[in-house]
Structures are given as structure tokens and as C-alpha cells.
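Below is coords12.cif, holding mmCIF, C-alpha atoms and all ligand atoms.
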```
data_coords
loop_
_atom_site.group_PDB
_atom_site.id
_atom_site.type_symbol
_atom_site.label_atom_id
_atom_site.label_comp_id
_atom_site.auth_asym_id
_atom_site.auth_seq_id
_atom_site.Cartn_x
_atom_site.Cartn_y
_atom_site.Cartn_z
ATOM 1 C CA MET P 1 2.425 -17.712 -8.044
ATOM 2 C CA GLN P 2 1.824 -15.102 -10.738
ATOM 3 C CA LEU P 3 3.954 -11.969 -10.350
ATOM 4 C CA VAL P 4 3.223 -8.596 -11.954
ATOM 5 C CA THR P 5 4.937 -5.303 -12.682
ATOM 6 C CA ALA P 6 3.522 -2.046 -11.322
ATOM 7 C CA ALA P 7 2.295 -1.131 -14.823
ATOM 8 C CA GLU P 8 0.524 -4.491 -15.216
ATOM 9 C CA MET P 9 -1.161 -4.048 -11.851
ATOM 10 C CA GLN P 10 -2.326 -0.577 -12.828
ATOM 11 C CA THR P 11 -3.750 -1.951 -16.102
ATOM 12 C CA ILE P 12 -5.695 -4.595 -14.157
ATOM 13 C CA ASP P 13 -6.894 -1.974 -11.608
ATOM 14 C CA ASN P 14 -8.075 0.288 -14.439
ATOM 15 C CA TYR P 15 -9.745 -2.572 -16.313
ATOM 16 C CA THR P 16 -11.682 -3.571 -13.188
ATOM 17 C CA VAL P 17 -12.849 -0.023 -12.543
ATOM 18 C CA GLU P 18 -13.343 1.378 -16.038
ATOM 19 C CA THR P 19 -14.334 -1.636 -18.164
ATOM 20 C CA ILE P 20 -15.998 -3.895 -15.604
ATOM 21 C CA GLY P 21 -17.545 -1.033 -13.670
ATOM 22 C CA MET P 22 -16.468 -2.022 -10.172
ATOM 23 C CA PRO P 23 -16.569 1.222 -8.170
ATOM 24 C CA GLN P 24 -13.079 2.259 -7.076
ATOM 25 C CA ASP P 25 -14.313 2.949 -3.552
ATOM 26 C CA VAL P 26 -15.411 -0.686 -3.254
ATOM 27 C CA LEU P 27 -11.887 -1.827 -4.136
ATOM 28 C CA ILE P 28 -10.451 0.638 -1.618
ATOM 29 C CA GLU P 29 -12.801 -0.664 1.086
ATOM 30 C CA ARG P 30 -11.890 -4.277 0.289
ATOM 31 C CA ALA P 31 -8.176 -3.408 0.279
ATOM 32 C CA ALA P 32 -8.591 -1.764 3.677
ATOM 33 C CA MET P 33 -10.597 -4.677 5.080
ATOM 34 C CA SER P 34 -7.945 -7.144 3.942
ATOM 35 C CA VAL P 35 -5.318 -5.169 5.877
ATOM 36 C CA ILE P 36 -7.605 -5.170 8.929
ATOM 37 C CA ASP P 37 -7.786 -8.991 8.621
ATOM 38 C CA VAL P 38 -3.996 -9.220 8.689
ATOM 39 C CA ILE P 39 -3.729 -6.817 11.631
ATOM 40 C CA GLY P 40 -6.278 -8.880 13.554
ATOM 41 C CA ALA P 41 -4.672 -12.212 12.731
ATOM 42 C CA GLY P 42 -1.152 -11.193 13.758
ATOM 43 C CA HIS P 43 0.427 -10.758 17.157
ATOM 44 C CA PHE P 44 0.862 -7.024 16.815
ATOM 45 C CA ASN P 45 0.823 -4.561 19.674
ATOM 46 C CA LEU P 46 -2.277 -2.485 18.891
ATOM 47 C CA ASP P 47 -2.015 0.022 21.769
ATOM 48 C CA HIS P 48 -1.324 2.959 19.441
ATOM 49 C CA ILE P 49 -1.614 2.561 15.700
ATOM 50 C CA LEU P 50 -0.172 5.264 13.466
ATOM 51 C CA VAL P 51 -1.416 5.332 9.858
ATOM 52 C CA LEU P 52 0.787 7.280 7.443
ATOM 53 C CA ALA P 53 -1.155 8.212 4.306
ATOM 54 C CA GLY P 54 -0.095 9.644 0.947
ATOM 55 C CA LEU P 55 -2.034 11.603 -1.631
ATOM 56 C CA GLY P 56 -2.933 8.783 -4.064
ATOM 57 C CA ASN P 57 -5.026 5.631 -3.924
ATOM 58 C CA ASN P 58 -2.547 4.013 -1.548
ATOM 59 C CA GLY P 59 -3.293 6.882 0.830
ATOM 60 C CA ALA P 60 -7.039 6.353 0.283
ATOM 61 C CA ASP P 61 -6.553 2.750 1.433
ATOM 62 C CA GLY P 62 -4.788 4.162 4.506
ATOM 63 C CA VAL P 63 -7.612 6.549 5.381
ATOM 64 C CA ALA P 64 -10.141 3.709 5.064
ATOM 65 C CA ILE P 65 -7.948 1.511 7.304
ATOM 66 C CA SER P 66 -7.781 4.250 9.941
ATOM 67 C CA ARG P 67 -11.587 4.612 9.838
ATOM 68 C CA LEU P 68 -12.154 0.860 10.246
ATOM 69 C CA LEU P 69 -9.734 0.756 13.197
ATOM 70 C CA TYR P 70 -11.270 3.863 14.781
ATOM 71 C CA ALA P 71 -14.778 2.413 14.416
ATOM 72 C CA GLN P 72 -13.590 -0.677 16.308
ATOM 73 C CA GLY P 73 -12.397 1.508 19.170
ATOM 74 C CA PHE P 74 -8.639 1.384 18.572
ATOM 75 C CA ASN P 75 -6.356 4.262 19.455
ATOM 76 C CA VAL P 76 -5.431 5.369 15.932
ATOM 77 C CA SER P 77 -3.663 8.439 14.571
ATOM 78 C CA LEU P 78 -3.902 9.320 10.897
ATOM 79 C CA GLN P 79 -1.121 11.478 9.577
ATOM 80 C CA PHE P 80 -0.797 12.703 6.008
ATOM 81 C CA VAL P 81 2.484 12.944 4.198
ATOM 82 C CA GLY P 82 2.095 15.827 1.742
ATOM 83 C CA ASN P 83 -0.457 18.567 1.310
ATOM 84 C CA VAL P 84 -3.986 17.125 1.292
ATOM 85 C CA THR P 85 -5.242 19.905 -0.965
ATOM 86 C CA ARG P 86 -3.306 18.093 -3.732
ATOM 87 C CA ALA P 87 -4.738 14.647 -2.894
ATOM 88 C CA LYS P 88 -6.585 12.495 -5.427
ATOM 89 C CA ASP P 89 -10.390 12.541 -5.338
ATOM 90 C CA SER P 90 -10.411 9.023 -3.845
ATOM 91 C CA VAL P 91 -8.559 10.418 -0.809
ATOM 92 C CA LYS P 92 -10.845 13.433 -0.540
ATOM 93 C CA ARG P 93 -13.897 11.165 -0.537
ATOM 94 C CA GLN P 94 -12.374 9.108 2.268
ATOM 95 C CA LEU P 95 -11.584 12.291 4.205
ATOM 96 C CA ASP P 96 -15.201 13.454 3.915
ATOM 97 C CA ILE P 97 -16.307 10.118 5.368
ATOM 98 C CA ILE P 98 -13.912 10.070 8.335
ATOM 99 C CA GLU P 99 -14.944 13.570 9.283
ATOM 100 C CA LYS P 100 -18.466 12.254 9.850
ATOM 101 C CA TYR P 101 -17.096 9.403 11.938
ATOM 102 C CA GLY P 102 -15.382 11.980 14.125
ATOM 103 C CA LEU P 103 -11.838 10.875 13.299
ATOM 104 C CA VAL P 104 -9.568 13.921 13.267
ATOM 105 C CA ARG P 105 -6.287 13.914 11.338
ATOM 106 C CA ALA P 106 -3.121 14.369 13.374
ATOM 107 C CA GLU P 107 -0.974 17.344 12.384
ATOM 108 C CA LYS P 108 2.250 15.759 13.541
ATOM 109 C CA SER P 109 2.764 12.406 15.196
ATOM 110 C CA ASP P 110 5.471 11.134 17.463
ATOM 111 C CA PHE P 111 6.707 7.914 15.915
ATOM 112 C CA ASN P 112 8.084 6.852 19.288
ATOM 113 C CA GLU P 113 4.556 6.624 20.691
ATOM 114 C CA ALA P 114 3.343 4.275 17.960
ATOM 115 C CA THR P 115 3.266 0.550 18.658
ATOM 116 C CA LEU P 116 2.358 -0.243 15.046
ATOM 117 C CA ILE P 117 2.789 1.835 11.883
ATOM 118 C CA ILE P 118 0.622 1.328 8.799
ATOM 119 C CA ASP P 119 2.472 2.513 5.701
ATOM 120 C CA ALA P 120 0.024 3.840 3.103
ATOM 121 C CA ILE P 121 2.218 6.585 1.659
ATOM 122 C CA PHE P 122 3.089 5.229 -1.807
ATOM 123 C CA GLY P 123 2.105 2.037 -3.578
ATOM 124 C CA THR P 124 2.395 0.962 -7.191
ATOM 125 C CA GLY P 125 2.127 4.576 -8.386
ATOM 126 C CA LEU P 126 5.654 5.478 -7.236
ATOM 127 C CA ASN P 127 7.711 6.451 -10.245
ATOM 128 C CA ASN P 128 10.702 8.436 -9.091
ATOM 129 C CA LEU P 129 12.879 9.189 -6.088
ATOM 130 C CA LEU P 130 10.901 9.972 -2.939
ATOM 131 C CA PRO P 131 10.877 13.675 -2.007
ATOM 132 C CA GLU P 132 13.891 14.489 0.174
ATOM 133 C CA GLY P 133 11.858 15.363 3.278
ATOM 134 C CA LEU P 134 10.116 12.001 3.097
ATOM 135 C CA GLN P 135 13.422 10.175 2.647
ATOM 136 C CA LYS P 136 14.621 11.795 5.879
ATOM 137 C CA MET P 137 11.431 10.851 7.713
ATOM 138 C CA ILE P 138 11.695 7.250 6.534
ATOM 139 C CA LYS P 139 15.328 6.934 7.570
ATOM 140 C CA ALA P 140 14.406 8.231 11.036
ATOM 141 C CA ALA P 141 11.490 5.777 11.260
ATOM 142 C CA ASN P 142 13.691 2.845 10.203
ATOM 143 C CA HIS P 143 16.196 3.865 12.855
ATOM 144 C CA ILE P 144 13.709 3.381 15.714
ATOM 145 C CA GLU P 145 12.728 -0.051 14.365
ATOM 146 C CA LYS P 146 8.951 0.165 14.783
ATOM 147 C CA THR P 147 6.786 -2.663 13.515
ATOM 148 C CA VAL P 148 5.429 -1.609 10.122
ATOM 149 C CA ILE P 149 2.677 -3.116 7.989
ATOM 150 C CA ALA P 150 3.008 -1.908 4.405
ATOM 151 C CA VAL P 151 -0.121 -1.416 2.332
ATOM 152 C CA ASP P 152 0.435 -2.974 -1.121
ATOM 153 C CA THR P 153 4.170 -2.104 -1.236
ATOM 154 C CA PRO P 154 6.647 -0.658 1.245
ATOM 155 C CA THR P 155 6.964 3.053 0.489
ATOM 156 C CA GLY P 156 10.120 3.699 -1.506
ATOM 157 C CA ILE P 157 10.360 0.264 -3.122
ATOM 158 C CA ASP P 158 9.936 0.174 -6.886
ATOM 159 C CA ALA P 159 7.246 -2.502 -7.255
ATOM 160 C CA THR P 160 8.665 -3.641 -10.592
ATOM 161 C CA THR P 161 12.406 -3.783 -9.930
ATOM 162 C CA GLY P 162 12.687 -3.990 -6.145
ATOM 163 C CA GLU P 163 15.053 -1.013 -6.126
ATOM 164 C CA VAL P 164 14.970 1.602 -3.377
ATOM 165 C CA ARG P 165 13.873 5.038 -4.599
ATOM 166 C CA GLY P 166 16.048 7.105 -2.252
ATOM 167 C CA ALA P 167 14.816 5.450 0.975
ATOM 168 C CA ALA P 168 12.281 2.754 1.837
ATOM 169 C CA LEU P 169 10.253 2.085 4.957
ATOM 170 C CA LYS P 170 11.193 -1.402 6.171
ATOM 171 C CA ALA P 171 8.110 -3.542 6.705
ATOM 172 C CA HIS P 172 7.464 -6.454 9.031
ATOM 173 C CA THR P 173 4.573 -7.501 6.773
ATOM 174 C CA THR P 174 3.346 -6.315 3.390
ATOM 175 C CA VAL P 175 -0.289 -6.860 2.419
ATOM 176 C CA THR P 176 -0.378 -6.691 -1.361
ATOM 177 C CA PHE P 177 -3.485 -6.719 -3.531
ATOM 178 C CA GLY P 178 -4.459 -8.978 -6.427
ATOM 179 C CA TYR P 179 -1.047 -10.354 -7.353
ATOM 180 C CA ASN P 180 2.358 -10.194 -5.781
ATOM 181 C CA LYS P 181 4.625 -7.636 -7.392
ATOM 182 C CA ILE P 182 7.956 -8.657 -8.942
ATOM 183 C CA GLY P 183 9.796 -5.981 -6.946
ATOM 184 C CA LEU P 184 8.650 -7.461 -3.630
ATOM 185 C CA THR P 185 10.393 -10.724 -4.434
ATOM 186 C CA GLN P 186 13.801 -9.586 -5.535
ATOM 187 C CA ARG P 187 16.836 -7.576 -4.529
ATOM 188 C CA VAL P 188 16.496 -5.373 -1.527
ATOM 189 C CA GLY P 189 12.734 -5.067 -2.158
ATOM 190 C CA GLY P 190 12.253 -8.658 -1.071
ATOM 191 C CA TYR P 191 14.075 -8.077 2.197
ATOM 192 C CA LEU P 192 12.354 -4.772 2.986
ATOM 193 C CA SER P 193 8.852 -6.198 2.332
ATOM 194 C CA GLY P 194 9.063 -8.715 5.181
ATOM 195 C CA ASN P 195 6.303 -11.335 5.056
ATOM 196 C CA VAL P 196 4.291 -10.724 1.909
ATOM 197 C CA ILE P 197 0.599 -11.622 2.043
ATOM 198 C CA VAL P 198 -1.394 -11.493 -1.195
ATOM 199 C CA LYS P 199 -5.067 -10.603 -0.751
ATOM 200 C CA ASP P 200 -7.889 -10.904 -3.260
ATOM 201 C CA ILE P 201 -9.852 -7.647 -3.373
ATOM 202 C CA GLY P 202 -12.027 -8.469 -6.385
ATOM 203 C CA LEU P 203 -9.777 -7.274 -9.215
ATOM 204 C CA LEU P 204 -10.563 -8.877 -12.562
ATOM 205 C CA THR P 205 -7.851 -9.656 -15.109
ATOM 206 C CA PRO P 206 -8.727 -9.507 -18.833
ATOM 207 C CA GLN P 207 -8.836 -13.054 -20.257
ATOM 208 C CA ASP P 208 -6.228 -12.397 -22.932
ATOM 209 C CA PHE P 209 -3.881 -10.552 -20.557
ATOM 210 C CA ASN P 210 -0.217 -11.070 -21.431
ATOM 211 C CA PHE P 211 1.840 -11.167 -18.248
ATOM 212 C CA SER P 212 5.469 -10.148 -18.810
ATOM 213 C CA LEU P 213 6.627 -12.862 -16.434
ATOM 214 C CA PRO P 214 5.047 -16.276 -17.001
ATOM 215 C CA ASP P 215 3.558 -18.003 -13.968
ATOM 216 C CA LYS P 216 6.265 -20.547 -13.085
ATOM 217 C CA GLU P 217 3.776 -22.927 -11.474
ATOM 218 C CA ASN P 218 1.741 -23.056 -14.682
ATOM 219 C CA SER P 219 4.642 -23.167 -17.153
ATOM 220 C CA PRO P 220 5.851 -26.481 -18.592
ATOM 221 C CA SER P 221 9.169 -27.417 -17.031
ATOM 222 C CA VAL P 222 12.197 -26.916 -19.205
ATOM 223 C CA ALA P 223 14.740 -29.730 -19.393
ATOM 224 C CA THR P 224 18.304 -28.635 -18.758
ATOM 225 C CA SER P 225 21.429 -30.594 -19.519
HETATM 226 N N1 LIG P 301 -6.377 1.873 -8.877
HETATM 227 C C1 LIG P 301 -7.280 1.314 -8.096
HETATM 228 O O1 LIG P 301 -8.419 1.281 -8.439
HETATM 229 C C2 LIG P 301 -6.885 0.714 -6.785
HETATM 230 C C3 LIG P 301 -5.663 1.050 -6.201
HETATM 231 N N2 LIG P 301 -5.330 0.607 -4.997
HETATM 232 C C4 LIG P 301 -4.208 1.219 -4.276
HETATM 233 O O2 LIG P 301 -3.704 2.305 -4.994
HETATM 234 C C5 LIG P 301 -2.292 2.210 -5.124
HETATM 235 C C6 LIG P 301 -1.874 2.881 -6.384
HETATM 236 O O3 LIG P 301 -2.428 4.185 -6.334
HETATM 237 P P1 LIG P 301 -1.929 5.383 -7.226
HETATM 238 O O4 LIG P 301 -1.792 4.949 -8.626
HETATM 239 O O5 LIG P 301 -2.847 6.505 -6.924
HETATM 240 O O6 LIG P 301 -0.471 5.673 -6.737
HETATM 241 P P2 LIG P 301 0.190 5.860 -5.300
HETATM 242 O O7 LIG P 301 -0.855 6.052 -4.271
HETATM 243 O O8 LIG P 301 1.198 4.795 -5.146
HETATM 244 O O9 LIG P 301 0.978 7.232 -5.521
HETATM 245 C C7 LIG P 301 0.266 8.443 -5.591
HETATM 246 C C8 LIG P 301 0.750 9.391 -6.650
HETATM 247 O O10 LIG P 301 1.979 10.002 -6.289
HETATM 248 C C9 LIG P 301 2.615 10.528 -7.434
HETATM 249 N N3 LIG P 301 4.046 10.140 -7.377
HETATM 250 C C10 LIG P 301 4.633 9.041 -7.895
HETATM 251 N N4 LIG P 301 5.946 8.998 -7.591
HETATM 252 C C11 LIG P 301 6.197 10.123 -6.874
HETATM 253 C C12 LIG P 301 7.386 10.659 -6.263
HETATM 254 N N5 LIG P 301 8.567 10.034 -6.355
HETATM 255 N N6 LIG P 301 7.268 11.809 -5.572
HETATM 256 C C13 LIG P 301 6.085 12.459 -5.471
HETATM 257 N N7 LIG P 301 4.933 12.009 -6.033
HETATM 258 C C14 LIG P 301 4.979 10.853 -6.720
HETATM 259 C C15 LIG P 301 1.917 9.927 -8.641
HETATM 260 O O11 LIG P 301 1.125 10.931 -9.218
HETATM 261 C C16 LIG P 301 1.048 8.832 -8.017
HETATM 262 O O12 LIG P 301 -0.134 8.611 -8.746
HETATM 263 C C17 LIG P 301 -1.996 0.736 -5.015
HETATM 264 O O13 LIG P 301 -0.692 0.517 -4.563
HETATM 265 C C18 LIG P 301 -3.061 0.267 -4.039
HETATM 266 O O14 LIG P 301 -2.622 0.448 -2.710
HETATM 267 C C19 LIG P 301 -6.248 -0.193 -4.184
HETATM 268 O O15 LIG P 301 -6.998 0.698 -3.422
HETATM 269 C C20 LIG P 301 -7.169 -0.996 -5.054
HETATM 270 C C21 LIG P 301 -7.823 -0.191 -6.115
HETATM 271 K K K P 302 2.678 1.663 1.024
#
```
The structure in this file should be written as C-alpha cells.
Amino acid sequence: MQLVTAAEMQTIDNYTVETIGMPQDVLIERAAMSVIDVIGAGHFNLDHILVLAGLGNNGADGVAISRLLYAQGFNVSLQFVGNVTRAKDSVKRQLDIIEKYGLVRAEKSDFNEATLIIDAIFGTGLNNLLPEGLQKMIKAANHIEKTVIAVDTPTGIDATTGEVRGAALKAHTTVTFGYNKIGLTQRVGGYLSGNVIVKDIGLLTPQDFNFSLPDKENSPSVATS
């Protein structure tokens, strides 16, 4: 299976949106629908689903997931991590939509009440240590051992190296888009990602794309002595 770095994934995302012309909101909707598929196919307790959303495209996926769940009649709470006035436009567009669906954001959620947590705080865009307040929140969430489905990557895991950026939200399952990420297969990142499911969301890879890690399944085997 082909593995990619976070930077490679971002290049493929950008190519699909900017060169091919696939609208970003279509990719976000497909990403969200693929997570809904996994939620529906698993044996998760869906009594109270808490979606934690960040301010980037990973958060936009989270808002779309909460809308799809809400529209199906599930008891869902959407809580933002960070100040939404600083959110990317993709998130703001999703927020405009959910308002019309009647889904109201939660100001503060009690993690103890959640039977399933959807982690859409940070994805491949994470590039530094998590803010301290978020590290604290994640450590508290890990402590109560809730079932977590991570959207694209578990928050706090560096998608390229698998290192923990201060703290990482331990996932039962990670639904990752396009290709699996190197960091979800090695070191602590592999353990914290749980079961990794790769979903096609319609991303297109340039034909001459040079992956930094060759696809083992496609590489000629090397004789060793
Ligand atoms: N680019 C696209 O078109 C698509 C992206 N998708 C989703 O978007 C994610 C990537 O989105 P983004 O690139 O917006 O990044 P993220 O949503 O992972 O992160 C949001 C932003 O947070 C900031 N940030 C990074 N590290 C930080 C830190 N330590 N503390 C505080 N702020 C920090 C950065 O400005 C980053 O862009 C993917 O993981 C995937 O879930 C999917 O929706 C498919 C389409
Ligand atoms: K995430």
C-alpha cells in the first residue's frame, strides 16, 4: 500500500482542487460521508456522539460529519476547539450550512456523556506542538478511555513521522483519506491510530508524482544475502 507524508498529501489535495478543479467542499463532503460509512459499519455505541472540530479543513470535515449525523436523527454535539472567528473559510461555509439545518454548536461538552467521540481537531496540517490547553484536554479525554474515531489522523500525531506533538488523542479507528500516512504506521503513531481505514474521496494524483517512499507492493523485490 502506498504511504505518503503530510506534505505529499497536501500537494495531492491542492492539485485536485486547484489544477483539476474539484471543489474543496465536494472533497469535504466525501470525506465526511466516508466517516459516516465507517461509523455505520462498526459496532459503536451511537447514543451520544461528540464531534470535536478544529479551525482548518479537518474541522470542516468534522462539521460536515456532525450535520450528516444530525440529519439522520442522531444525538450529536458539535464542539469547537479554538476560536471560530479564526477558522478557515471552509469551516465558515460549513457553519453557515449547519445553522440552516438547525444544528447548534455546543459551548462546552461533558466528555463523560459521550458514547463516541469524533476527532476532527487537527489533521495533516499539524506542524508544531499542540497548544497547551488542548494537550490538557486530550490527556483528560484519554484518561476516561472513550471510543474515538479519528478523522484523517489522530490529533497530535505528526502524520509524517508518527511522533506525538505534546499529546495525542488515542483512536479506536482512524479513517484516513486518499492514502495512508507514514506516521500512522510507525512508532507511537501506529499504536495511537488504532484500526486505520483508507477511504477514496476522489483525490487525483499527478501522473509523474514522485512519492518519497516507494510502494513496497509495486517495487521489485531486492535479493539479500
Ligand atoms: N485540502 C483539502 O482540500 C482537503 C483536506 N481535507 C482535510 O483537511 C485536513 C488538512 O487541513 P488543513 O491543512 O486545513 O490543516 P488542519 O485542519 O490539520 O489544521 C488546521 C490549521 O491549524 C494550524 N496549525 C498547525 N499546527 C498547529 C499547532 N500546533 N497549533 C495551532 N495551530 C496549528 C495550521 O494553520 C493548519 O492549517 C486533512 O487532514 C483532511 O482531514 C479533506 O477534507 C479533503 C480535502
Ligand atoms: K483528526
ask   = What is the atom CA of P:Leu116 to atom CA of P:Leu103 distance in Å?
value = 18.1 Å
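Excluding P:Ser109 and any residue on its chain fewer than 6 positions from it, the residues at most 12 Å away by all atoms listed in the file are His48, Ile49, Leu50, Val51, Leu52, Val76, Ser77, Leu78, Gln79, Phe80, Val81, Ile117, Met137 and Ala141 of chain P.
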inquiry  = List as number ranges by chain the protein and nucleic acid residues lying within 8 Å of ligand K 302 (chain P), with all atoms listed in the file counted.
reply    = P: 58-59, 119-123, 150-155
task = Produce as a ChimeraX atom specification the set of residues near ligand LIG 301 (chain P), where near means within 8 Å with all atoms listed in the file considered.
result = /P:10,13-14,16-17,24-25,27-32,54-61,88,120-131,151-153,165,176-177,201,203
task = May I ask for the distance between atom CA of P:Ile138 and atom CA of P:Leu169, given in Å to one decimal place?
result =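 Value for the atom CA of P:Ile138-atom CA of P:Leu169 distance: 5.6 Å.
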inquiry  = Please expand the PyMOL selection byres (((chain P and resi 6) around 9) and not hetatm) into the concrete residues it hits in this file, giving the result as a count of residues only.
reply    = 17
key: Pick from P:Ala53, P:Val148, P:Ile12, P:Val63 nearest to P:Ala168, counting all atoms listed in the file   =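 Nearest candidate to P:Ala168 out of P:Ala53, P:Val148, P:Ile12, P:Val63: P:Val148.
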query = Do you have the atom CA of P:Pro214-atom CA of P:Leu3 distance handy?
reply =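 Going from atom CA of P:Pro214 over to atom CA of P:Leu3 covers 8.0 Å.
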Where's the centre, and what are the edge lengths in Å to one decimal, of a box along x, y and z enclosing all listed atoms of stretch 23-26 of chain P padded 4 Å per side, as AutoDock Vina command-line options?
```
--center_x -14.8 --center_y 1.1 --center_z -5.7 --size_x 11.5 --size_y 11.6 --size_z 12.9
```
message = Here is a test: counting all atoms listed in the file, which residue of P:Thr147, P:Asn112, P:Ser66, P:Asn180 is nearest to P:Ile36?
response =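 The shortest atom-to-atom distance to P:Ile36 comes from P:Ser66.
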task = Extract, using only C-alpha atoms, all DNA, RNA and protein residues at most 8 Å from P:Pro206, discarding same-chain residues fewer than 2 positions from it, and format them as an NGL selection string.
result = :P and (12 or 15 or 204 or 208-209)
request  = Extract, using all atoms listed in the file, all DNA, RNA and protein residues at most 9 Å from P:His172, discarding same-chain residues fewer than 4 positions from it, and format them as a ChimeraX atom specification.
outcome  = /P:146-150,192-196
key: Who sits within 8 Å of P:Val188, only C-alpha atoms, same chain under 5 positions skipped, as a list in words   =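 Non-adjacent residues within range: Gly162, Glu163 and Val164 of chain P.
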inquiry  = So, with all atoms listed in the file as the atoms that count, which of P:Phe74, P:Gln2, P:His43, P:Glu113 lies closest to P:Phe211?
reply    =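 Among P:Phe74, P:Gln2, P:His43, P:Glu113, it is P:Gln2 that comes nearest to P:Phe211.
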Reconstructed stretch 125-141 of chain P, atom set N, CA and C atoms, as a compact mmCIF listing (two decimals), in the coordinates of the input:
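Ended up saving to selection.txt:
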```txt
# COMPACT_ATOMS: atom_id res chain seq x y z
N GLY P 125 2.04 3.34 -7.59
CA GLY P 125 2.13 4.58 -8.39
C GLY P 125 3.48 5.28 -8.28
N LEU P 126 4.35 4.80 -7.42
CA LEU P 126 5.65 5.48 -7.24
C LEU P 126 6.47 5.37 -8.52
N ASN P 127 6.98 6.51 -8.97
CA ASN P 127 7.71 6.45 -10.24
C ASN P 127 9.01 7.25 -10.25
N ASN P 128 9.47 7.64 -9.12
CA ASN P 128 10.70 8.44 -9.09
C ASN P 128 11.29 8.37 -7.68
N LEU P 129 12.35 9.13 -7.45
CA LEU P 129 12.88 9.19 -6.09
C LEU P 129 11.85 9.81 -5.16
N LEU P 130 11.79 9.34 -3.92
CA LEU P 130 10.90 9.97 -2.94
C LEU P 130 11.38 11.40 -2.70
N PRO P 131 10.45 12.31 -2.38
CA PRO P 131 10.88 13.68 -2.01
C PRO P 131 11.87 13.61 -0.84
N GLU P 132 12.81 14.56 -0.82
CA GLU P 132 13.89 14.49 0.17
C GLU P 132 13.40 14.47 1.62
N GLY P 133 12.38 15.31 1.90
CA GLY P 133 11.86 15.36 3.28
C GLY P 133 11.32 14.01 3.71
N LEU P 134 10.67 13.32 2.78
CA LEU P 134 10.12 12.00 3.10
C LEU P 134 11.24 10.97 3.28
N GLN P 135 12.28 11.09 2.48
CA GLN P 135 13.42 10.18 2.65
C GLN P 135 13.98 10.29 4.06
N LYS P 136 14.10 11.54 4.53
CA LYS P 136 14.62 11.80 5.88
C LYS P 136 13.72 11.16 6.92
N MET P 137 12.40 11.38 6.75
CA MET P 137 11.43 10.85 7.71
C MET P 137 11.51 9.32 7.76
N ILE P 138 11.65 8.72 6.60
CA ILE P 138 11.70 7.25 6.53
C ILE P 138 12.96 6.71 7.19
N LYS P 139 14.08 7.39 6.94
CA LYS P 139 15.33 6.93 7.57
C LYS P 139 15.22 7.01 9.09
N ALA P 140 14.58 8.09 9.58
CA ALA P 140 14.41 8.23 11.04
C ALA P 140 13.48 7.13 11.56
N ALA P 141 12.43 6.82 10.82
CA ALA P 141 11.49 5.78 11.26
C ALA P 141 12.18 4.42 11.26
```
